[in-house]
$ cat protein18.txt   # compact mmCIF, C-alpha atoms and all ligand atoms
# COMPACT_ATOMS: atom_id res chain seq x y z
CA MET A 1461 -18.88 2.25 22.11
CA ASN A 1462 -21.74 1.31 24.38
CA PRO A 1463 -21.31 -2.46 24.88
CA ILE A 1464 -25.02 -3.05 25.27
CA SER A 1465 -26.08 -1.14 22.16
CA LYS A 1466 -27.37 -2.88 19.07
CA VAL A 1467 -24.88 -3.64 16.30
CA ARG A 1468 -25.68 -1.45 13.30
CA VAL A 1469 -25.76 -3.57 10.15
CA GLY A 1470 -25.44 -2.62 6.48
CA ILE A 1471 -26.33 -5.17 3.79
CA VAL A 1472 -24.53 -5.31 0.44
CA GLY A 1473 -26.92 -6.84 -2.10
CA SER A 1474 -30.69 -6.70 -2.20
CA ARG A 1475 -32.04 -9.97 -3.50
CA PHE A 1476 -32.34 -13.56 -2.28
CA GLN A 1477 -29.81 -13.82 0.55
CA ALA A 1478 -30.16 -10.14 1.42
CA ASP A 1479 -33.83 -10.75 2.24
CA CYS A 1480 -32.82 -13.70 4.35
CA ILE A 1481 -30.22 -11.71 6.32
CA ALA A 1482 -32.60 -8.76 6.72
CA SER A 1483 -35.27 -11.06 8.18
CA ALA A 1484 -32.67 -12.66 10.43
CA VAL A 1485 -31.51 -9.29 11.80
CA LYS A 1486 -35.11 -8.19 12.36
CA ALA A 1487 -35.64 -11.38 14.37
CA ILE A 1488 -32.92 -10.35 16.87
CA PRO A 1489 -33.87 -6.75 17.75
CA GLU A 1490 -32.08 -6.95 21.09
CA GLU A 1491 -28.69 -7.52 19.37
CA ALA A 1492 -28.70 -5.75 16.00
CA GLU A 1493 -30.53 -3.36 13.70
CA LEU A 1494 -30.56 -2.73 9.96
CA ILE A 1495 -29.45 0.74 9.05
CA ALA A 1496 -28.31 0.64 5.41
CA VAL A 1497 -28.39 -1.35 2.18
CA ALA A 1498 -26.37 -1.02 -1.05
CA SER A 1499 -27.22 -2.54 -4.40
CA PRO A 1500 -26.21 -1.33 -7.87
CA THR A 1501 -29.39 -1.86 -9.90
CA LYS A 1502 -31.45 1.31 -10.00
CA GLY A 1503 -34.32 1.23 -7.53
CA HIS A 1504 -33.42 -2.13 -5.98
CA ALA A 1505 -31.76 -0.76 -2.85
CA ALA A 1506 -34.61 1.73 -2.34
CA ASP A 1507 -37.26 -0.98 -2.74
CA PHE A 1508 -35.37 -3.25 -0.37
CA ALA A 1509 -34.99 -0.43 2.17
CA LYS A 1510 -38.72 0.24 2.01
CA ARG A 1511 -39.59 -3.45 2.37
CA HIS A 1512 -37.42 -3.86 5.46
CA SER A 1513 -37.79 -0.32 6.95
CA ILE A 1514 -34.10 0.49 6.48
CA PRO A 1515 -33.25 4.22 6.73
CA GLN A 1516 -30.39 4.43 4.17
CA ALA A 1517 -30.14 3.05 0.63
CA TYR A 1518 -27.06 3.37 -1.60
CA THR A 1519 -26.34 2.23 -5.15
CA ASP A 1520 -22.58 1.96 -4.54
CA TYR A 1521 -21.40 -0.23 -1.67
CA ARG A 1522 -18.42 2.10 -1.16
CA ASP A 1523 -20.87 4.81 -0.07
CA LEU A 1524 -22.32 2.38 2.47
CA LEU A 1525 -18.77 1.75 3.71
CA ARG A 1526 -18.31 5.52 4.17
CA ASP A 1527 -21.45 5.68 6.33
CA PRO A 1528 -20.13 6.19 9.87
CA GLN A 1529 -23.26 4.62 11.32
CA VAL A 1530 -22.53 1.19 9.81
CA GLU A 1531 -20.50 -1.11 12.09
CA MET A 1532 -20.89 -4.51 10.43
CA ILE A 1533 -21.69 -5.39 6.84
CA SER A 1534 -23.26 -8.52 5.43
CA ILE A 1535 -22.04 -9.36 1.92
CA THR A 1536 -24.81 -10.95 -0.14
CA ALA A 1537 -23.34 -10.13 -3.55
CA PRO A 1538 -22.17 -12.74 -6.11
CA ASN A 1539 -19.12 -14.84 -5.14
CA ARG A 1540 -16.63 -13.06 -7.42
CA LEU A 1541 -17.16 -9.80 -5.46
CA HIS A 1542 -16.74 -11.15 -1.91
CA ALA A 1543 -12.98 -10.57 -1.65
CA GLN A 1544 -12.95 -6.99 -2.96
CA ILE A 1545 -15.91 -5.92 -0.84
CA THR A 1546 -14.37 -7.54 2.27
CA ILE A 1547 -11.02 -5.81 1.76
CA ASP A 1548 -12.69 -2.44 1.14
CA ALA A 1549 -14.85 -2.93 4.23
CA ALA A 1550 -11.86 -3.80 6.40
CA LYS A 1551 -10.09 -0.63 5.22
CA ALA A 1552 -13.21 1.33 6.18
CA GLY A 1553 -13.11 -0.25 9.66
CA LYS A 1554 -16.28 -2.34 9.29
CA HIS A 1555 -16.74 -5.87 10.61
CA VAL A 1556 -17.61 -8.30 7.81
CA VAL A 1557 -20.10 -11.14 7.56
CA CYS A 1558 -19.26 -12.85 4.28
CA GLU A 1559 -21.65 -15.26 2.60
CA LYS A 1560 -20.53 -18.66 1.41
CA PRO A 1561 -18.38 -19.57 -0.45
CA MET A 1562 -15.93 -17.09 1.02
CA CYS A 1563 -14.26 -16.21 -2.29
CA MET A 1564 -12.88 -17.58 -5.56
CA THR A 1565 -9.24 -18.31 -4.71
CA LEU A 1566 -7.00 -19.16 -1.78
CA GLU A 1567 -5.00 -16.00 -2.46
CA GLU A 1568 -8.21 -14.03 -1.98
CA ALA A 1569 -8.94 -15.90 1.25
CA ASP A 1570 -5.49 -14.99 2.58
CA ALA A 1571 -5.91 -11.34 1.54
CA MET A 1572 -9.35 -11.11 3.17
CA ILE A 1573 -8.08 -12.57 6.43
CA ASP A 1574 -5.00 -10.31 6.40
CA ALA A 1575 -6.99 -7.17 5.62
CA CYS A 1576 -9.43 -7.80 8.48
CA ARG A 1577 -6.67 -8.71 10.90
CA GLN A 1578 -4.69 -5.58 10.05
CA ALA A 1579 -7.76 -3.38 10.41
CA GLY A 1580 -8.75 -5.03 13.69
CA VAL A 1581 -12.19 -6.03 12.41
CA LEU A 1582 -13.86 -9.43 12.47
CA LEU A 1583 -14.22 -11.56 9.36
CA LEU A 1584 -17.21 -13.82 10.01
CA TYR A 1585 -18.01 -16.65 7.60
CA ALA A 1586 -21.74 -17.12 7.17
CA GLU A 1587 -22.14 -20.89 7.46
CA GLU A 1588 -25.62 -21.14 8.90
CA LEU A 1589 -25.54 -24.94 9.23
CA PHE A 1590 -23.45 -24.39 12.38
CA PHE A 1591 -26.59 -22.77 13.82
CA ALA A 1592 -29.40 -24.90 12.34
CA PRO A 1593 -31.26 -26.12 15.46
CA LYS A 1594 -31.68 -29.73 14.30
CA TYR A 1595 -28.03 -30.01 13.33
CA VAL A 1596 -26.89 -28.31 16.53
CA LYS A 1597 -28.88 -30.91 18.49
CA ALA A 1598 -27.19 -33.72 16.54
CA LYS A 1599 -23.78 -32.24 17.35
CA GLN A 1600 -24.64 -31.79 21.04
CA MET A 1601 -25.60 -35.49 21.25
CA ALA A 1602 -22.44 -36.51 19.40
CA ASP A 1603 -20.29 -34.37 21.71
CA GLU A 1604 -21.98 -36.00 24.71
CA GLY A 1605 -20.86 -39.37 23.34
CA ALA A 1606 -24.30 -40.59 22.27
CA PHE A 1607 -22.93 -42.27 19.13
CA GLY A 1608 -19.53 -43.37 20.47
CA ARG A 1609 -16.72 -42.54 18.07
CA VAL A 1610 -18.26 -40.82 15.05
CA HIS A 1611 -16.61 -42.18 11.92
CA LEU A 1612 -18.95 -41.03 9.14
CA VAL A 1613 -20.79 -37.73 8.69
CA LYS A 1614 -22.95 -37.19 5.62
CA GLN A 1615 -24.55 -33.97 4.43
CA GLY A 1616 -26.56 -33.42 1.28
CA GLU A 1617 -27.95 -30.27 -0.22
CA LYS A 1618 -30.02 -30.59 -3.37
CA HIS A 1619 -32.47 -28.53 -5.35
CA SER A 1620 -33.47 -27.85 -8.94
CA GLY A 1621 -30.85 -25.18 -9.62
CA PRO A 1622 -30.14 -21.59 -8.59
CA HIS A 1623 -32.54 -18.70 -9.01
CA SER A 1624 -30.08 -16.11 -10.45
CA PRO A 1625 -28.19 -16.30 -13.79
CA TRP A 1626 -24.78 -15.51 -12.26
CA PHE A 1627 -24.68 -18.85 -10.38
CA TRP A 1628 -24.73 -20.66 -13.76
CA ASP A 1629 -21.87 -18.54 -15.12
CA VAL A 1630 -18.69 -20.07 -13.73
CA GLU A 1631 -16.77 -16.83 -14.32
CA GLN A 1632 -18.94 -15.21 -11.66
CA SER A 1633 -19.57 -18.18 -9.37
CA GLY A 1634 -16.27 -20.06 -9.61
CA GLY A 1635 -17.99 -23.41 -10.10
CA GLY A 1636 -21.29 -25.26 -10.03
CA ALA A 1637 -23.13 -27.21 -7.36
CA VAL A 1638 -20.00 -27.87 -5.28
CA MET A 1639 -19.12 -24.16 -5.04
CA ASP A 1640 -22.76 -23.34 -4.36
CA LEU A 1641 -23.93 -26.20 -2.12
CA GLY A 1642 -20.93 -28.42 -1.42
CA CYS A 1643 -19.26 -25.62 0.54
CA HIS A 1644 -22.01 -26.07 3.16
CA GLY A 1645 -21.43 -29.81 3.48
CA ILE A 1646 -17.64 -29.48 3.64
CA ALA A 1647 -17.93 -26.93 6.45
CA PHE A 1648 -20.59 -29.01 8.19
CA CYS A 1649 -18.59 -32.28 8.29
CA TRP A 1650 -15.48 -30.45 9.48
CA TRP A 1651 -17.38 -28.56 12.21
CA PHE A 1652 -19.37 -31.60 13.30
CA LEU A 1653 -16.22 -33.66 13.83
CA GLY A 1654 -14.57 -30.93 15.92
CA LYS A 1655 -12.61 -29.15 13.16
CA PRO A 1656 -9.94 -31.81 12.55
CA LYS A 1657 -7.30 -31.37 9.84
CA VAL A 1658 -8.32 -32.63 6.41
CA ARG A 1659 -6.13 -35.48 5.11
CA SER A 1660 -7.54 -36.06 1.63
CA VAL A 1661 -10.39 -35.25 -0.72
CA TYR A 1662 -11.97 -37.33 -3.49
CA SER A 1663 -14.74 -36.00 -5.69
CA LEU A 1664 -16.80 -37.19 -8.61
CA MET A 1665 -18.44 -34.41 -10.60
CA ALA A 1666 -20.64 -34.33 -13.67
CA ARG A 1667 -23.01 -32.26 -15.73
CA GLN A 1668 -25.94 -34.64 -15.76
CA VAL A 1669 -28.87 -32.40 -16.67
CA HIS A 1670 -27.96 -28.76 -17.33
CA ARG A 1671 -25.36 -29.15 -20.12
CA ASP A 1672 -26.93 -26.39 -22.20
CA ARG A 1673 -27.07 -23.94 -19.31
CA THR A 1674 -23.72 -24.06 -17.54
CA GLN A 1675 -20.11 -25.15 -17.69
CA GLY A 1676 -20.45 -25.95 -13.98
CA GLU A 1677 -21.01 -29.37 -12.43
CA ASP A 1678 -24.65 -29.92 -11.52
CA GLU A 1679 -24.08 -33.16 -9.62
CA ALA A 1680 -21.26 -34.21 -7.29
CA ILE A 1681 -20.25 -36.58 -4.53
CA THR A 1682 -17.29 -35.45 -2.44
CA ILE A 1683 -15.52 -37.59 0.16
CA VAL A 1684 -13.42 -35.79 2.76
CA GLU A 1685 -11.04 -37.88 4.87
CA PHE A 1686 -9.96 -36.32 8.17
CA GLU A 1687 -6.74 -36.75 10.11
CA ASN A 1688 -8.57 -38.66 12.88
CA GLY A 1689 -9.75 -41.25 10.33
CA ALA A 1690 -13.36 -40.05 10.20
CA VAL A 1691 -14.96 -39.46 6.82
CA GLY A 1692 -17.29 -36.77 5.54
CA MET A 1693 -19.50 -37.41 2.53
CA VAL A 1694 -21.09 -34.47 0.77
CA GLU A 1695 -23.76 -34.75 -1.92
CA SER A 1696 -24.44 -31.65 -4.00
CA SER A 1697 -27.06 -31.44 -6.72
CA TRP A 1698 -28.83 -28.92 -8.93
CA ASN A 1699 -30.94 -31.73 -10.37
CA ARG A 1700 -33.62 -32.38 -7.75
CA PRO A 1701 -37.04 -30.89 -8.47
CA GLY A 1702 -39.53 -30.64 -5.63
CA GLY A 1703 -37.93 -27.97 -3.44
CA MET A 1704 -34.84 -27.67 -1.30
CA ASP A 1705 -33.57 -30.84 0.37
CA ASP A 1706 -31.03 -30.53 3.21
CA CYS A 1707 -30.22 -33.65 5.25
CA ILE A 1708 -27.53 -35.11 7.48
CA GLU A 1709 -26.66 -38.64 8.65
CA ILE A 1710 -24.27 -39.29 11.51
CA PHE A 1711 -22.74 -42.72 12.25
CA GLY A 1712 -20.66 -43.84 15.23
CA ASP A 1713 -19.79 -47.21 16.78
CA LYS A 1714 -22.50 -46.74 19.43
CA GLY A 1715 -25.30 -45.21 17.41
CA GLN A 1716 -26.53 -42.95 14.66
CA THR A 1717 -28.89 -40.09 13.98
CA TYR A 1718 -30.59 -38.67 10.91
CA ALA A 1719 -31.95 -35.18 10.37
CA ASP A 1720 -33.98 -33.78 7.50
CA MET A 1721 -33.91 -30.03 8.03
CA LEU A 1722 -36.83 -29.03 5.84
CA MET A 1723 -39.14 -31.89 4.84
CA GLY A 1724 -38.62 -33.43 8.26
CA ASN A 1725 -39.92 -30.24 9.87
CA ALA A 1726 -42.72 -29.68 7.40
CA LEU A 1727 -46.44 -30.32 7.28
CA PRO A 1728 -47.13 -33.24 4.90
CA THR A 1729 -49.81 -31.53 2.85
CA TYR A 1730 -52.11 -32.39 -0.03
CA SER A 1731 -53.89 -29.60 -1.95
CA GLU A 1732 -55.70 -29.79 -5.29
CA VAL A 1733 -55.82 -26.01 -5.68
CA GLY A 1734 -52.42 -24.98 -4.30
CA PHE A 1735 -51.46 -22.15 -1.96
CA GLY A 1736 -48.87 -19.38 -1.62
CA TYR A 1737 -45.54 -20.92 -0.63
CA ALA A 1738 -44.23 -24.31 0.46
CA VAL A 1739 -40.43 -24.20 0.63
CA GLU A 1740 -37.47 -22.65 -1.18
CA LYS A 1741 -37.33 -23.63 -4.86
CA ALA A 1742 -40.51 -25.74 -4.85
CA ALA A 1743 -42.07 -25.30 -8.29
CA THR A 1744 -45.64 -26.04 -7.21
CA THR A 1745 -47.89 -26.14 -4.17
CA LYS A 1746 -50.41 -28.50 -5.78
CA GLY A 1747 -50.65 -32.19 -4.91
CA TRP A 1748 -48.48 -33.52 -2.10
CA THR A 1749 -46.05 -30.89 -0.76
CA TYR A 1750 -43.99 -30.19 2.36
CA PRO A 1751 -44.63 -26.61 3.45
CA VAL A 1752 -42.06 -25.61 6.03
CA PHE A 1753 -42.74 -23.23 8.90
CA GLU A 1754 -40.20 -20.84 10.49
CA GLU A 1755 -37.96 -21.49 7.48
CA HIS A 1756 -35.19 -19.03 8.43
CA TRP A 1757 -35.12 -20.29 12.01
CA ASN A 1758 -34.84 -23.91 10.84
CA TYR A 1759 -31.81 -22.91 8.74
CA GLY A 1760 -30.27 -21.04 11.68
CA PHE A 1761 -30.03 -17.58 10.08
CA PRO A 1762 -31.29 -15.50 13.06
CA GLN A 1763 -29.15 -17.60 15.43
CA GLU A 1764 -26.13 -17.02 13.16
CA MET A 1765 -26.63 -13.24 13.03
CA ARG A 1766 -27.22 -13.14 16.77
CA HIS A 1767 -23.89 -14.91 17.33
CA PHE A 1768 -22.08 -12.58 14.92
CA ALA A 1769 -23.55 -9.45 16.54
CA ARG A 1770 -22.52 -10.75 19.95
CA CYS A 1771 -19.01 -11.43 18.60
CA VAL A 1772 -18.78 -7.79 17.48
CA ARG A 1773 -19.69 -6.73 21.01
CA GLY A 1774 -17.07 -9.13 22.45
CA LYS A 1775 -19.72 -11.27 24.16
CA GLU A 1776 -18.94 -14.43 22.14
CA THR A 1777 -16.00 -15.85 20.21
CA PRO A 1778 -16.62 -16.59 16.51
CA ILE A 1779 -17.27 -20.25 15.72
CA SER A 1780 -17.14 -19.49 11.99
CA ASP A 1781 -14.58 -17.00 10.74
CA GLY A 1782 -12.18 -16.32 7.88
CA GLU A 1783 -10.11 -19.37 8.80
CA THR A 1784 -13.23 -21.52 8.42
CA GLY A 1785 -13.81 -20.05 4.98
CA ARG A 1786 -10.20 -20.78 4.04
CA VAL A 1787 -10.43 -24.43 5.18
CA VAL A 1788 -13.51 -24.82 2.99
CA GLN A 1789 -11.80 -23.06 0.08
CA GLU A 1790 -8.84 -25.46 0.16
CA VAL A 1791 -11.18 -28.46 0.20
CA LEU A 1792 -13.09 -26.93 -2.73
CA TYR A 1793 -9.82 -26.66 -4.67
CA ALA A 1794 -8.98 -30.26 -3.81
CA ALA A 1795 -12.46 -31.46 -4.80
CA TYR A 1796 -12.24 -29.87 -8.26
CA ALA A 1797 -8.68 -31.12 -8.75
CA SER A 1798 -9.71 -34.61 -7.69
CA ALA A 1799 -12.61 -34.67 -10.14
CA GLY A 1800 -10.26 -33.40 -12.86
CA GLN A 1801 -7.46 -35.88 -12.18
CA GLY A 1802 -9.64 -38.84 -11.21
CA ARG A 1803 -7.75 -39.47 -7.99
CA LYS A 1804 -7.74 -38.55 -4.35
CA ILE A 1805 -5.92 -35.29 -3.50
CA MET A 1806 -3.85 -35.04 -0.33
CA LEU A 1807 -3.83 -31.84 1.73
CA PRO A 1808 -2.25 -29.32 2.15
CA PHE A 1809 -3.22 -28.43 -1.42
CA ARG A 1810 -2.45 -24.89 -2.43
CA PRO A 1811 -1.77 -24.64 -6.16
CA LYS A 1812 -0.81 -21.10 -7.15
CA GLY A 1813 -2.39 -18.95 -9.83
CA VAL A 1814 -5.79 -20.62 -9.91
CA VAL A 1815 -8.35 -18.18 -11.32
CA LYS A 1816 -11.43 -20.08 -10.18
CA PRO A 1817 -11.79 -23.48 -8.51
CA ILE A 1818 -13.64 -25.14 -11.38
CA ASP A 1819 -10.59 -24.67 -13.65
CA LEU A 1820 -8.94 -27.43 -11.62
CA TRP A 1821 -11.65 -29.79 -12.92
CA ARG A 1822 -12.08 -28.51 -16.48
CA THR A 1823 -8.35 -28.13 -17.24
CA PRO A 1824 -6.56 -30.37 -14.71
N1 LIG A 1901 -26.11 -19.12 3.21
C1 LIG A 1901 -26.94 -19.54 2.29
O1 LIG A 1901 -27.62 -20.52 2.45
C2 LIG A 1901 -27.03 -18.77 1.01
C3 LIG A 1901 -28.21 -18.84 0.25
C4 LIG A 1901 -28.26 -18.12 -0.93
C5 LIG A 1901 -27.18 -17.39 -1.37
N2 LIG A 1901 -26.04 -17.35 -0.60
C6 LIG A 1901 -24.86 -16.59 -1.06
O2 LIG A 1901 -25.18 -15.21 -1.01
C7 LIG A 1901 -24.57 -14.53 -2.11
C8 LIG A 1901 -25.69 -13.84 -2.91
O3 LIG A 1901 -26.57 -14.82 -3.43
P1 LIG A 1901 -28.10 -14.47 -3.77
O4 LIG A 1901 -28.80 -15.78 -3.88
O5 LIG A 1901 -28.62 -13.44 -2.87
O6 LIG A 1901 -27.92 -13.86 -5.23
P2 LIG A 1901 -28.93 -12.87 -5.95
O7 LIG A 1901 -28.58 -12.91 -7.39
O8 LIG A 1901 -30.33 -13.17 -5.52
O9 LIG A 1901 -28.53 -11.44 -5.34
C9 LIG A 1901 -27.26 -10.89 -5.58
C10 LIG A 1901 -27.31 -9.43 -5.16
O10 LIG A 1901 -26.00 -8.86 -5.30
C11 LIG A 1901 -26.13 -7.59 -5.87
N3 LIG A 1901 -24.90 -7.11 -6.48
C12 LIG A 1901 -24.37 -7.44 -7.68
N4 LIG A 1901 -23.25 -6.70 -7.89
C13 LIG A 1901 -23.08 -5.92 -6.80
C14 LIG A 1901 -22.15 -4.92 -6.43
N5 LIG A 1901 -21.14 -4.59 -7.24
N6 LIG A 1901 -22.30 -4.28 -5.26
C15 LIG A 1901 -23.32 -4.61 -4.45
N7 LIG A 1901 -24.25 -5.53 -4.73
C16 LIG A 1901 -24.13 -6.17 -5.91
C17 LIG A 1901 -27.27 -7.76 -6.88
O11 LIG A 1901 -27.77 -6.50 -7.27
C18 LIG A 1901 -28.24 -8.57 -6.03
O12 LIG A 1901 -28.99 -7.72 -5.21
C19 LIG A 1901 -23.82 -15.60 -2.90
O13 LIG A 1901 -22.47 -15.59 -2.53
C20 LIG A 1901 -24.48 -16.90 -2.49
O14 LIG A 1901 -23.62 -18.01 -2.59
C21 LIG A 1901 -25.97 -18.00 0.58
$ encode --input "protein18.txt" --output "structure tokens"
Amino acid sequence: MNPISKVRVGIVGSRFQADCIASAVKAIPEEAELIAVASPTKGHAADFAKRHSIPQAYTDYRDLLRDPQVEMISITAPNRLHAQITIDAAKAGKHVVCEKPMCMTLEEADAMIDACRQAGVLLLYAEELFFAPKYVKAKQMADEGAFGRVHLVKQGEKHSGPHSPWFWDVEQSGGGAVMDLGCHGIAFCWWFLGKPKVRSVYSLMARQVHRDRTQGEDEAITIVEFENGAVGMVESSWNRPGGMDDCIEIFGDKGQTYADMLMGNALPTYSEVGFGYAVEKAATTKGWTYPVFEEHWNYGFPQEMRHFARCVRGKETPISDGETGRVVQEVLYAAYASAGQGRKIMLPFRPKGVVKPIDLWRTP
């Protein structure tokens, strides 16, 4: 393999996150190129391929895996499919970028990691917050010692609820706002603090607004205690109209910093007539809004895909891999169990036979 050639990427899925990954890959033409897409709904893969100038479109992802041109796949299918697609891809010799959350169960996480290890392919966990420029700057300052000993890291991700029906169906998603959004915050706090072991998890979950729409929690606060004594606090909500809100707060004994990824990088705007697009999940562009620019770059998606492509070429070492996904998965289990039992859960926490994380809350 020519070490300076572009990594040839196939995308599994053709909707929200697929568009995001396609745009990210197109933003790094020196490292990677899109060569195939697979999506089961008739016409969707073809439309997606046309939109992003991708040469091959398949309706069955297994055909994409048989395509000898594809080197790395990006899985942007619903959560319940991540494990099977990853294992099939590993068997086909493809590197895997798996969207968050990595899977439904810890057994799946183990099987995904094993399959990729045995096949000698990379399993890369797509946590873009590790690449979000504002958050990377906060971590660089923290690592330089700007805040002294960091003892509290907070991350919140909140919006008005997911765009696709499967997120609301816990059989397909595995849980509500914590599975969907909390996984970002858990990974973020752990990464920010230098990947320390997790000591305990406490979580409070509720269905505050969407009782008629989902069995999943739509509101949660999760507290993660690390072995070094530092604390992570993760707020996850599907109950915040007004567009996506993603913020961090970092506290040490010598200082603190705050970052608002989207509104803080936006143009405070007032319009009586409205305009095309402000930010993800904003219901209106009339009145006061916060239109964001370079949205994908602010999230870190092109930077993430650049890193992953360079990992495939052996130029960089993964900072987010299957082990990262498994750490997050165990904390997700502990969060649901904590909410179910009303007490803090100590790690390691690996109950067997769990079908989906939310069961640990609903039937503790
Ligand atoms: N990193 C992030 O910030 C971020 C943002 C959004 C979504 N995601 C994750 O990406 C994944 C997809 O979410 P989404 O918002 O794009 O959902 P979506 O509903 O918009 O798209 C899901 C896609 O998966 C496809 N699909 C369904 N079954 C399939 C199969 N058997 N084979 C191949 N494709 C299949 C659908 O046809 C659709 O194209 C989820 O795991 C989600 O958590 C991550």
$ residues_near_point --input "protein18.txt" --point "(-9.9, -37.6, -10.3)" --cutoff "10 Å" --atoms "only C-alpha atoms" --output "mmCIF file with C-alpha atoms, in the coordinates of the input"
data_model
loop_
_atom_site.group_PDB
_atom_site.id
_atom_site.type_symbol
_atom_site.label_atom_id
_atom_site.label_comp_id
_atom_site.auth_asym_id
_atom_site.auth_seq_id
_atom_site.Cartn_x
_atom_site.Cartn_y
_atom_site.Cartn_z
ATOM 1 C CA VAL A 1661 -10.390 -35.250 -0.720
ATOM 2 C CA TYR A 1662 -11.970 -37.330 -3.490
ATOM 3 C CA SER A 1663 -14.740 -36.000 -5.690
ATOM 4 C CA LEU A 1664 -16.800 -37.190 -8.610
ATOM 5 C CA MET A 1665 -18.440 -34.410 -10.600
ATOM 6 C CA ALA A 1794 -8.980 -30.260 -3.810
ATOM 7 C CA ALA A 1795 -12.460 -31.460 -4.800
ATOM 8 C CA TYR A 1796 -12.240 -29.870 -8.260
ATOM 9 C CA ALA A 1797 -8.680 -31.120 -8.750
ATOM 10 C CA SER A 1798 -9.710 -34.610 -7.690
ATOM 11 C CA ALA A 1799 -12.610 -34.670 -10.140
ATOM 12 C CA GLY A 1800 -10.260 -33.400 -12.860
ATOM 13 C CA GLN A 1801 -7.460 -35.880 -12.180
ATOM 14 C CA GLY A 1802 -9.640 -38.840 -11.210
ATOM 15 C CA ARG A 1803 -7.750 -39.470 -7.990
ATOM 16 C CA LYS A 1804 -7.740 -38.550 -4.350
ATOM 17 C CA ILE A 1805 -5.920 -35.290 -3.500
ATOM 18 C CA TRP A 1821 -11.650 -29.790 -12.920
ATOM 19 C CA PRO A 1824 -6.560 -30.370 -14.710
#
$ residues_near_ligand --input "protein18.txt" --ligand "ligand LIG 1901 (chain A)" --cutoff "7 Å" --atoms "all atoms listed in the file" --output "MDAnalysis selection string"
chainID A and resid 1472:1478 1498:1501 1520:1521 1536:1539 1541 1559:1561 1586:1588 1623:1624 1626 1640
$ residues_near_point --input "protein18.txt" --point "(-16.8, -31.6, 9.9)" --cutoff "12 Å" --atoms "all atoms listed in the file" --output "PDB file with C-alpha atoms, in the coordinates of the input"
ATOM      1  CA  LEU A1589     -25.540 -24.940   9.230  1.00  0.00           C
ATOM      2  CA  PHE A1590     -23.450 -24.390  12.380  1.00  0.00           C
ATOM      3  CA  TYR A1595     -28.030 -30.010  13.330  1.00  0.00           C
ATOM      4  CA  LYS A1599     -23.780 -32.240  17.350  1.00  0.00           C
ATOM      5  CA  VAL A1610     -18.260 -40.820  15.050  1.00  0.00           C
ATOM      6  CA  HIS A1611     -16.610 -42.180  11.920  1.00  0.00           C
ATOM      7  CA  LEU A1612     -18.950 -41.030   9.140  1.00  0.00           C
ATOM      8  CA  VAL A1613     -20.790 -37.730   8.690  1.00  0.00           C
ATOM      9  CA  LYS A1614     -22.950 -37.190   5.620  1.00  0.00           C
ATOM     10  CA  GLN A1615     -24.550 -33.970   4.430  1.00  0.00           C
ATOM     11  CA  CYS A1643     -19.260 -25.620   0.540  1.00  0.00           C
ATOM     12  CA  HIS A1644     -22.010 -26.070   3.160  1.00  0.00           C
ATOM     13  CA  GLY A1645     -21.430 -29.810   3.480  1.00  0.00           C
ATOM     14  CA  ILE A1646     -17.640 -29.480   3.640  1.00  0.00           C
ATOM     15  CA  ALA A1647     -17.930 -26.930   6.450  1.00  0.00           C
ATOM     16  CA  PHE A1648     -20.590 -29.010   8.190  1.00  0.00           C
ATOM     17  CA  CYS A1649     -18.590 -32.280   8.290  1.00  0.00           C
ATOM     18  CA  TRP A1650     -15.480 -30.450   9.480  1.00  0.00           C
ATOM     19  CA  TRP A1651     -17.380 -28.560  12.210  1.00  0.00           C
ATOM     20  CA  PHE A1652     -19.370 -31.600  13.300  1.00  0.00           C
ATOM     21  CA  LEU A1653     -16.220 -33.660  13.830  1.00  0.00           C
ATOM     22  CA  GLY A1654     -14.570 -30.930  15.920  1.00  0.00           C
ATOM     23  CA  LYS A1655     -12.610 -29.150  13.160  1.00  0.00           C
ATOM     24  CA  PRO A1656      -9.940 -31.810  12.550  1.00  0.00           C
ATOM     25  CA  LYS A1657      -7.300 -31.370   9.840  1.00  0.00           C
ATOM     26  CA  VAL A1658      -8.320 -32.630   6.410  1.00  0.00           C
ATOM     27  CA  ILE A1683     -15.520 -37.590   0.160  1.00  0.00           C
ATOM     28  CA  VAL A1684     -13.420 -35.790   2.760  1.00  0.00           C
ATOM     29  CA  GLU A1685     -11.040 -37.880   4.870  1.00  0.00           C
ATOM     30  CA  PHE A1686      -9.960 -36.320   8.170  1.00  0.00           C
ATOM     31  CA  GLU A1687      -6.740 -36.750  10.110  1.00  0.00           C
ATOM     32  CA  ASN A1688      -8.570 -38.660  12.880  1.00  0.00           C
ATOM     33  CA  GLY A1689      -9.750 -41.250  10.330  1.00  0.00           C
ATOM     34  CA  ALA A1690     -13.360 -40.050  10.200  1.00  0.00           C
ATOM     35  CA  VAL A1691     -14.960 -39.460   6.820  1.00  0.00           C
ATOM     36  CA  GLY A1692     -17.290 -36.770   5.540  1.00  0.00           C
ATOM     37  CA  MET A1693     -19.500 -37.410   2.530  1.00  0.00           C
ATOM     38  CA  VAL A1694     -21.090 -34.470   0.770  1.00  0.00           C
ATOM     39  CA  ILE A1708     -27.530 -35.110   7.480  1.00  0.00           C
ATOM     40  CA  ILE A1710     -24.270 -39.290  11.510  1.00  0.00           C
ATOM     41  CA  THR A1784     -13.230 -21.520   8.420  1.00  0.00           C
ATOM     42  CA  VAL A1787     -10.430 -24.430   5.180  1.00  0.00           C
ATOM     43  CA  VAL A1788     -13.510 -24.820   2.990  1.00  0.00           C
ATOM     44  CA  VAL A1791     -11.180 -28.460   0.200  1.00  0.00           C
TER      45      VAL A1791
END
$ closest_residue --input "protein18.txt" --among "A:Val1815, A:Ala1738, A:Met1721, A:Val1772" --to "Phe1591 (chain A)" --atoms "all atoms listed in the file"
A:Met1721
